[in-house]
$ cat start14.cif   # mmCIF, C-alpha atoms
data_protein
#
loop_
_atom_site.group_PDB
_atom_site.id
_atom_site.type_symbol
_atom_site.label_atom_id
_atom_site.label_comp_id
_atom_site.auth_asym_id
_atom_site.auth_seq_id
_atom_site.Cartn_x
_atom_site.Cartn_y
_atom_site.Cartn_z
ATOM 1 C CA MET A 142 0.000 0.000 0.000
ATOM 2 C CA ALA A 143 1.337 3.394 -0.937
ATOM 3 C CA SER A 144 0.780 6.349 1.289
ATOM 4 C CA ARG A 145 -0.721 9.496 -0.130
ATOM 5 C CA ALA A 146 0.492 11.468 2.829
ATOM 6 C CA GLY A 147 2.892 14.196 1.896
ATOM 7 C CA ASN A 148 4.093 17.105 3.934
ATOM 8 C CA ASN A 149 2.996 20.604 3.051
ATOM 9 C CA ALA A 150 6.480 21.582 1.881
ATOM 10 C CA GLU A 151 6.565 18.643 -0.576
ATOM 11 C CA ILE A 152 3.148 19.571 -1.968
ATOM 12 C CA ALA A 153 4.087 23.256 -2.205
ATOM 13 C CA ALA A 154 7.325 22.353 -4.005
ATOM 14 C CA TYR A 155 5.410 20.143 -6.438
ATOM 15 C CA ASN A 156 2.841 22.840 -7.162
ATOM 16 C CA ALA A 157 5.580 25.453 -7.590
ATOM 17 C CA SER A 158 7.351 23.193 -10.082
ATOM 18 C CA MET A 159 4.348 23.135 -12.394
ATOM 19 C CA ASP A 160 4.464 25.868 -15.038
ATOM 20 C CA ARG A 161 0.964 27.319 -15.056
ATOM 21 C CA THR A 162 1.883 30.284 -17.266
ATOM 22 C CA GLN A 163 2.034 28.396 -20.554
ATOM 23 C CA ASP A 164 0.203 29.476 -23.703
ATOM 24 C CA PRO A 165 -3.554 28.806 -23.283
ATOM 25 C CA LYS A 166 -3.843 27.784 -26.933
ATOM 26 C CA THR A 167 -1.683 24.744 -26.227
ATOM 27 C CA THR A 168 -2.201 24.121 -22.537
ATOM 28 C CA ALA A 169 -5.670 25.342 -21.599
ATOM 29 C CA ALA A 170 -4.660 27.901 -19.008
ATOM 30 C CA THR A 171 -8.278 29.026 -19.189
ATOM 31 C CA VAL A 172 -9.719 25.611 -18.390
ATOM 32 C CA ARG A 173 -10.383 26.616 -14.776
ATOM 33 C CA ALA A 174 -12.700 29.306 -16.074
ATOM 34 C CA GLY A 175 -14.708 26.645 -17.882
ATOM 35 C CA THR A 176 -13.446 27.477 -21.375
ATOM 36 C CA ASN A 177 -11.912 24.986 -23.756
ATOM 37 C CA MET A 178 -8.344 24.636 -24.902
ATOM 38 C CA ASP A 179 -7.617 24.402 -28.590
ATOM 39 C CA ILE A 180 -7.993 20.844 -29.790
ATOM 40 C CA ALA A 181 -5.859 19.581 -32.656
ATOM 41 C CA ALA A 182 -7.487 19.039 -36.037
ATOM 42 C CA ASN A 183 -7.370 15.290 -35.377
ATOM 43 C CA GLY A 184 -9.568 15.815 -32.287
ATOM 44 C CA MET A 185 -6.875 14.613 -29.884
ATOM 45 C CA LEU A 186 -5.223 16.255 -26.897
ATOM 46 C CA THR A 187 -1.469 16.622 -26.883
ATOM 47 C CA PRO A 188 0.681 15.180 -24.090
ATOM 48 C CA ALA A 189 1.521 18.777 -23.062
ATOM 49 C CA GLN A 190 -2.182 19.546 -22.719
ATOM 50 C CA LEU A 191 -2.691 16.444 -20.579
ATOM 51 C CA ASP A 192 0.303 17.427 -18.434
ATOM 52 C CA PHE A 193 -1.364 20.780 -17.862
ATOM 53 C CA LEU A 194 -4.742 19.284 -16.976
ATOM 54 C CA VAL A 195 -3.095 16.849 -14.536
ATOM 55 C CA SER A 196 -1.174 19.746 -12.949
ATOM 56 C CA GLN A 197 -4.477 21.530 -12.362
ATOM 57 C CA LYS A 198 -6.305 18.536 -10.859
ATOM 58 C CA ALA A 199 -3.675 16.666 -8.813
ATOM 59 C CA GLN A 200 -3.370 17.838 -5.209
ATOM 60 C CA THR A 201 -0.242 15.761 -4.509
ATOM 61 C CA PRO A 202 2.720 14.371 -6.440
ATOM 62 C CA GLU A 203 1.406 10.847 -5.784
ATOM 63 C CA LEU A 204 -1.970 11.658 -7.305
ATOM 64 C CA ALA A 205 -0.282 13.206 -10.367
ATOM 65 C CA LYS A 206 1.639 9.949 -10.859
ATOM 66 C CA ILE A 207 -1.545 7.906 -10.540
ATOM 67 C CA MET A 208 -3.412 10.153 -12.971
ATOM 68 C CA LYS A 209 -0.633 9.918 -15.538
ATOM 69 C CA ALA A 210 -0.430 6.135 -15.106
ATOM 70 C CA VAL A 211 -4.170 5.804 -15.729
ATOM 71 C CA LEU A 212 -4.006 8.023 -18.817
ATOM 72 C CA ILE A 213 -1.100 5.991 -20.173
ATOM 73 C CA ARG A 214 -2.925 2.733 -19.505
ATOM 74 C CA GLU A 215 -6.264 3.875 -20.905
ATOM 75 C CA SER A 216 -5.228 5.933 -23.955
ATOM 76 C CA ASN A 217 -1.444 5.877 -24.374
ATOM 77 C CA TYR A 218 -1.480 9.330 -22.763
ATOM 78 C CA GLY A 219 -4.024 10.636 -25.235
ATOM 79 C CA GLN A 220 -2.234 9.334 -28.324
ATOM 80 C CA ASN A 221 -4.628 6.458 -29.103
ATOM 81 C CA PRO A 222 -7.280 7.781 -31.523
ATOM 82 C CA ALA A 223 -9.710 5.052 -30.437
ATOM 83 C CA ALA A 224 -9.949 6.648 -26.981
ATOM 84 C CA TYR A 225 -11.771 9.640 -28.467
ATOM 85 C CA VAL A 226 -14.569 7.527 -29.937
ATOM 86 C CA ALA A 227 -17.277 6.093 -27.723
ATOM 87 C CA ASN A 228 -16.663 2.446 -26.917
ATOM 88 C CA LYS A 229 -20.254 1.234 -26.899
ATOM 89 C CA ALA A 230 -19.272 -2.201 -25.561
ATOM 90 C CA GLY A 231 -17.853 -0.680 -22.398
ATOM 91 C CA GLY A 232 -19.827 2.554 -22.416
ATOM 92 C CA VAL A 233 -16.640 4.599 -22.068
ATOM 93 C CA ILE A 234 -15.021 7.523 -23.852
ATOM 94 C CA GLY A 235 -12.027 9.817 -23.549
ATOM 95 C CA VAL A 236 -8.404 9.645 -22.459
ATOM 96 C CA GLY A 237 -9.437 8.264 -19.062
ATOM 97 C CA GLN A 238 -12.100 5.966 -20.541
ATOM 98 C CA ILE A 239 -14.793 7.362 -18.256
ATOM 99 C CA GLN A 240 -18.224 5.726 -18.275
ATOM 100 C CA SER A 241 -21.319 7.583 -19.363
ATOM 101 C CA LYS A 242 -24.866 6.431 -19.954
ATOM 102 C CA GLN A 243 -24.777 8.725 -23.017
ATOM 103 C CA VAL A 244 -22.481 6.177 -24.694
ATOM 104 C CA GLY A 245 -24.002 3.012 -23.246
ATOM 105 C CA GLY A 246 -22.203 2.935 -19.904
ATOM 106 C CA LYS A 247 -23.613 1.395 -16.774
ATOM 107 C CA TYR A 248 -22.826 4.496 -14.697
ATOM 108 C CA ASN A 249 -23.150 8.277 -15.058
ATOM 109 C CA ASN A 250 -19.525 8.908 -14.101
ATOM 110 C CA PHE A 251 -19.002 11.571 -16.769
ATOM 111 C CA GLU A 252 -22.161 13.389 -15.771
ATOM 112 C CA ASN A 253 -21.331 13.147 -12.046
ATOM 113 C CA TYR A 254 -17.720 14.344 -12.352
ATOM 114 C CA ALA A 255 -17.873 16.885 -15.212
ATOM 115 C CA ASP A 256 -16.787 20.415 -14.357
ATOM 116 C CA ALA A 257 -19.502 23.075 -14.444
ATOM 117 C CA GLY A 258 -20.176 24.035 -18.043
ATOM 118 C CA GLN A 259 -18.155 21.089 -19.377
ATOM 119 C CA THR A 260 -20.879 18.616 -20.286
ATOM 120 C CA ASP A 261 -20.136 17.801 -23.927
ATOM 121 C CA ILE A 262 -19.387 14.064 -24.025
ATOM 122 C CA ASN A 263 -17.673 14.505 -27.400
ATOM 123 C CA ASN A 264 -15.275 17.201 -26.177
ATOM 124 C CA PRO A 265 -11.968 15.604 -25.123
ATOM 125 C CA VAL A 266 -11.221 18.377 -22.605
ATOM 126 C CA HIS A 267 -14.552 17.783 -20.891
ATOM 127 C CA THR A 268 -14.084 14.020 -20.691
ATOM 128 C CA ALA A 269 -10.457 14.392 -19.545
ATOM 129 C CA ASN A 270 -11.419 16.785 -16.746
ATOM 130 C CA ALA A 271 -14.280 14.544 -15.632
ATOM 131 C CA ALA A 272 -11.978 11.496 -15.555
ATOM 132 C CA LEU A 273 -9.327 13.427 -13.594
ATOM 133 C CA ASN A 274 -11.980 14.653 -11.129
ATOM 134 C CA MET A 275 -13.144 11.078 -10.655
ATOM 135 C CA MET A 276 -9.573 9.856 -10.134
ATOM 136 C CA ALA A 277 -8.950 12.553 -7.506
ATOM 137 C CA ASP A 278 -12.167 11.684 -5.678
ATOM 138 C CA ILE A 279 -11.469 7.946 -5.650
ATOM 139 C CA TRP A 280 -7.803 8.449 -4.685
ATOM 140 C CA ASN A 281 -8.841 10.633 -1.744
ATOM 141 C CA LYS A 282 -11.507 8.143 -0.654
ATOM 142 C CA SER A 283 -9.022 5.252 -0.967
ATOM 143 C CA GLY A 284 -6.630 6.882 1.479
ATOM 144 C CA GLY A 285 -3.813 6.275 -0.998
ATOM 145 C CA ASP A 286 -4.397 2.509 -1.141
ATOM 146 C CA THR A 287 -3.783 1.469 -4.741
ATOM 147 C CA GLN A 288 -5.986 -1.643 -4.527
ATOM 148 C CA LYS A 289 -8.926 0.449 -3.323
ATOM 149 C CA PHE A 290 -8.224 3.044 -6.019
ATOM 150 C CA VAL A 291 -8.149 0.393 -8.735
ATOM 151 C CA ASN A 292 -11.364 -1.178 -7.438
ATOM 152 C CA GLY A 293 -13.017 2.241 -7.483
ATOM 153 C CA TYR A 294 -11.773 3.408 -10.872
ATOM 154 C CA PHE A 295 -11.415 0.234 -12.931
ATOM 155 C CA GLY A 296 -13.875 -1.977 -11.063
ATOM 156 C CA LYS A 297 -13.550 -5.290 -9.271
ATOM 157 C CA ALA A 298 -14.191 -7.605 -12.222
ATOM 158 C CA ALA A 299 -11.731 -10.426 -12.868
ATOM 159 C CA ALA A 300 -10.980 -8.912 -16.287
ATOM 160 C CA ASP A 301 -12.263 -5.999 -18.316
ATOM 161 C CA LYS A 302 -13.747 -6.374 -21.790
ATOM 162 C CA LEU A 303 -10.259 -6.195 -23.330
ATOM 163 C CA GLY A 304 -8.724 -8.716 -20.944
ATOM 164 C CA GLY A 305 -7.040 -6.270 -18.556
ATOM 165 C CA THR A 306 -7.035 -7.630 -15.017
ATOM 166 C CA ASN A 307 -7.488 -5.857 -11.726
ATOM 167 C CA SER A 308 -4.100 -7.146 -10.532
ATOM 168 C CA GLY A 309 -2.492 -5.776 -13.700
ATOM 169 C CA TYR A 310 -3.912 -2.344 -12.965
ATOM 170 C CA VAL A 311 -2.739 -2.504 -9.340
ATOM 171 C CA ALA A 312 0.770 -3.439 -10.496
ATOM 172 C CA ALA A 313 0.811 -0.516 -12.958
ATOM 173 C CA MET A 314 -0.342 1.942 -10.287
ATOM 174 C CA ASN A 315 2.181 0.685 -7.715
ATOM 175 C CA LYS A 316 4.944 0.918 -10.314
ATOM 176 C CA ALA A 317 3.915 4.490 -11.077
ATOM 177 C CA LEU A 318 4.102 5.398 -7.393
ATOM 178 C CA SER A 319 7.466 3.777 -6.814
ATOM 179 C CA ASN A 320 9.246 4.572 -10.086
ATOM 180 C CA GLY A 321 7.264 7.443 -11.490
ATOM 181 C CA VAL A 322 5.802 7.391 -14.976
ATOM 182 C CA GLN A 323 7.283 8.388 -18.287
ATOM 183 C CA THR A 324 4.842 10.292 -20.455
ATOM 184 C CA PRO A 325 5.502 11.330 -24.055
ATOM 185 C CA THR A 326 6.556 14.766 -22.722
ATOM 186 C CA GLY A 327 9.071 13.184 -20.376
ATOM 187 C CA THR A 328 7.209 14.117 -17.198
#

$ encode --input "start14.cif" --output "structure tokens"
Amino acid sequence: MASRAGNNAEIAAYNASMDRTQDPKTTAATVRAGTNMDIAANGMLTPAQLDFLVSQKAQTPELAKIMKAVLIRESNYGQNPAAYVANKAGGVIGVGQIQSKQVGGKYNNFENYADAGQTDINNPVHTANAALNMMADIWNKSGGDTQKFVNGYFGKAAADKLGGTNSGYVAAMNKALSNGVQTPTGT
């Protein structure tokens, strides 16, 4: 079990290390105001944009690692075009593969975790923010226990529809906490 506890100095240092002054056309500096960042012509978010969104949603360095690990696992850190199309079999969409009844999901996770004014299921910024909000909520409720986080985010099934197992997700999350994660931007 990994601890999510971090001292205030560590959290302050992490937050200070994040560059929040980047160009809003590439990083969505205005996302907190409920506006959208520019989305590439291919409809995908860039790794730099995902880095920015994670920096805005993660309250601790551990949570940032978990968020990045999930995004890598679910969408190759936003670089898998299939992640941006509703997966009707699983009822999921977006870089975090969040469930929505709008796309055949069992749960209203997108609707429950979407930021105010960000309710377009086909907008990758909206689905990314909702998934990150859900991850933060589950991580906080899990007390930093990766097994509880995985059960909350990925579910308790023996295997998902693509064959991914709960234990495989736990291993990936624990690895992210112990070794960090390597995203396409090197963060």

$ closest_residue --input "start14.cif" --among "A:Asn221, A:Thr287, A:Gln243, A:Ser308" --to "A:Ile207" --atoms "only C-alpha atoms"
A:Thr287

$ closest_residue --input "start14.cif" --among "A:Glu252, A:Gly232, A:Leu204, A:Ala257" --to "A:Asp286" --atoms "all atoms listed in the file"
A:Leu204

$ closest_residue --input "start14.cif" --among "A:Gly235, A:Gly285, A:Asp192, A:Lys297" --to "A:His267" --atoms "all atoms listed in the file"
A:Gly235

$ closest_residue --input "start14.cif" --among "A:Val244, A:Ala230, A:Val311, A:Ala277" --to "A:Pro202" --atoms "all atoms listed in the file"
A:Ala277

$ closest_residue --input "start14.cif" --among "A:Thr187, A:Lys282, A:Gln220, A:Ala255" --to "A:Gln240" --atoms "all atoms listed in the file"
A:Ala255

$ closest_residue --input "start14.cif" --among "A:Gly231, A:Pro188, A:Gly237, A:Gly245" --to "A:Arg214" --atoms "only C-alpha atoms"
A:Gly237

$ atom_distance --input "start14.cif" --atom1 "atom CA of A:Gly219" --atom2 "atom CA of A:Leu318"
20.3 Å

$ resolve_selection --input "start14.cif" --expression "the PyMOL selection byres ((chain A and resi 288) around 12)" --output "PDB file with C-alpha atoms, in the frame of the given file"
ATOM      1  CA  MET A 142       0.000   0.000   0.000  1.00  0.00           C
ATOM      2  CA  ALA A 143       1.337   3.394  -0.937  1.00  0.00           C
ATOM      3  CA  SER A 144       0.780   6.349   1.289  1.00  0.00           C
ATOM      4  CA  ILE A 279     -11.469   7.946  -5.650  1.00  0.00           C
ATOM      5  CA  TRP A 280      -7.803   8.449  -4.685  1.00  0.00           C
ATOM      6  CA  LYS A 282     -11.507   8.143  -0.654  1.00  0.00           C
ATOM      7  CA  SER A 283      -9.022   5.252  -0.967  1.00  0.00           C
ATOM      8  CA  GLY A 284      -6.630   6.882   1.479  1.00  0.00           C
ATOM      9  CA  GLY A 285      -3.813   6.275  -0.998  1.00  0.00           C
ATOM     10  CA  ASP A 286      -4.397   2.509  -1.141  1.00  0.00           C
ATOM     11  CA  THR A 287      -3.783   1.469  -4.741  1.00  0.00           C
ATOM     12  CA  LYS A 289      -8.926   0.449  -3.323  1.00  0.00           C
ATOM     13  CA  PHE A 290      -8.224   3.044  -6.019  1.00  0.00           C
ATOM     14  CA  VAL A 291      -8.149   0.393  -8.735  1.00  0.00           C
ATOM     15  CA  ASN A 292     -11.364  -1.178  -7.438  1.00  0.00           C
ATOM     16  CA  GLY A 293     -13.017   2.241  -7.483  1.00  0.00           C
ATOM     17  CA  TYR A 294     -11.773   3.408 -10.872  1.00  0.00           C
ATOM     18  CA  PHE A 295     -11.415   0.234 -12.931  1.00  0.00           C
ATOM     19  CA  GLY A 296     -13.875  -1.977 -11.063  1.00  0.00           C
ATOM     20  CA  LYS A 297     -13.550  -5.290  -9.271  1.00  0.00           C
ATOM     21  CA  ASN A 307      -7.488  -5.857 -11.726  1.00  0.00           C
ATOM     22  CA  SER A 308      -4.100  -7.146 -10.532  1.00  0.00           C
ATOM     23  CA  GLY A 309      -2.492  -5.776 -13.700  1.00  0.00           C
ATOM     24  CA  TYR A 310      -3.912  -2.344 -12.965  1.00  0.00           C
ATOM     25  CA  VAL A 311      -2.739  -2.504  -9.340  1.00  0.00           C
ATOM     26  CA  ALA A 312       0.770  -3.439 -10.496  1.00  0.00           C
ATOM     27  CA  ALA A 313       0.811  -0.516 -12.958  1.00  0.00           C
ATOM     28  CA  MET A 314      -0.342   1.942 -10.287  1.00  0.00           C
ATOM     29  CA  ASN A 315       2.181   0.685  -7.715  1.00  0.00           C
TER      30      ASN A 315
END

$ resolve_selection --input "start14.cif" --expression "the PyMOL selection byres ((chain A and resi 233) around 12)" --output "MDAnalysis selection string"
chainID A and resid 215:216 223:232 234:251 262:263 268:269 272 295 302

$ atom_distance --input "start14.cif" --atom1 "atom CA of A:Val266" --atom2 "atom CA of A:Leu191"
9.0 Å

$ atom_distance --input "start14.cif" --atom1 "atom CA of A:Asn320" --atom2 "atom CA of A:Asn217"
17.9 Å

$ resolve_selection --input "start14.cif" --expression "the PyMOL selection byres ((chain A and resi 199) around 12)" --output "PyMOL selection string"
chain A and resi 145+152+155-156+159+191-198+200-209+270+272-278+280-281

$ write_last_selection --input "start14.cif" --atoms "C-alpha atoms" --output "JSON list (two decimals), keeping the file's coordinate frame"
[["chain", "number", "residue", "atom", "x", "y", "z"],
["A", 145, "ARG", "CA", -0.72, 9.50, -0.13],
["A", 152, "ILE", "CA", 3.15, 19.57, -1.97],
["A", 155, "TYR", "CA", 5.41, 20.14, -6.44],
["A", 156, "ASN", "CA", 2.84, 22.84, -7.16],
["A", 159, "MET", "CA", 4.35, 23.14, -12.39],
["A", 191, "LEU", "CA", -2.69, 16.44, -20.58],
["A", 192, "ASP", "CA", 0.30, 17.43, -18.43],
["A", 193, "PHE", "CA", -1.36, 20.78, -17.86],
["A", 194, "LEU", "CA", -4.74, 19.28, -16.98],
["A", 195, "VAL", "CA", -3.10, 16.85, -14.54],
["A", 196, "SER", "CA", -1.17, 19.75, -12.95],
["A", 197, "GLN", "CA", -4.48, 21.53, -12.36],
["A", 198, "LYS", "CA", -6.30, 18.54, -10.86],
["A", 200, "GLN", "CA", -3.37, 17.84, -5.21],
["A", 201, "THR", "CA", -0.24, 15.76, -4.51],
["A", 202, "PRO", "CA", 2.72, 14.37, -6.44],
["A", 203, "GLU", "CA", 1.41, 10.85, -5.78],
["A", 204, "LEU", "CA", -1.97, 11.66, -7.30],
["A", 205, "ALA", "CA", -0.28, 13.21, -10.37],
["A", 206, "LYS", "CA", 1.64, 9.95, -10.86],
["A", 207, "ILE", "CA", -1.54, 7.91, -10.54],
["A", 208, "MET", "CA", -3.41, 10.15, -12.97],
["A", 209, "LYS", "CA", -0.63, 9.92, -15.54],
["A", 270, "ASN", "CA", -11.42, 16.78, -16.75],
["A", 272, "ALA", "CA", -11.98, 11.50, -15.56],
["A", 273, "LEU", "CA", -9.33, 13.43, -13.59],
["A", 274, "ASN", "CA", -11.98, 14.65, -11.13],
["A", 275, "MET", "CA", -13.14, 11.08, -10.66],
["A", 276, "MET", "CA", -9.57, 9.86, -10.13],
["A", 277, "ALA", "CA", -8.95, 12.55, -7.51],
["A", 278, "ASP", "CA", -12.17, 11.68, -5.68],
["A", 280, "TRP", "CA", -7.80, 8.45, -4.68],
["A", 281, "ASN", "CA", -8.84, 10.63, -1.74]]
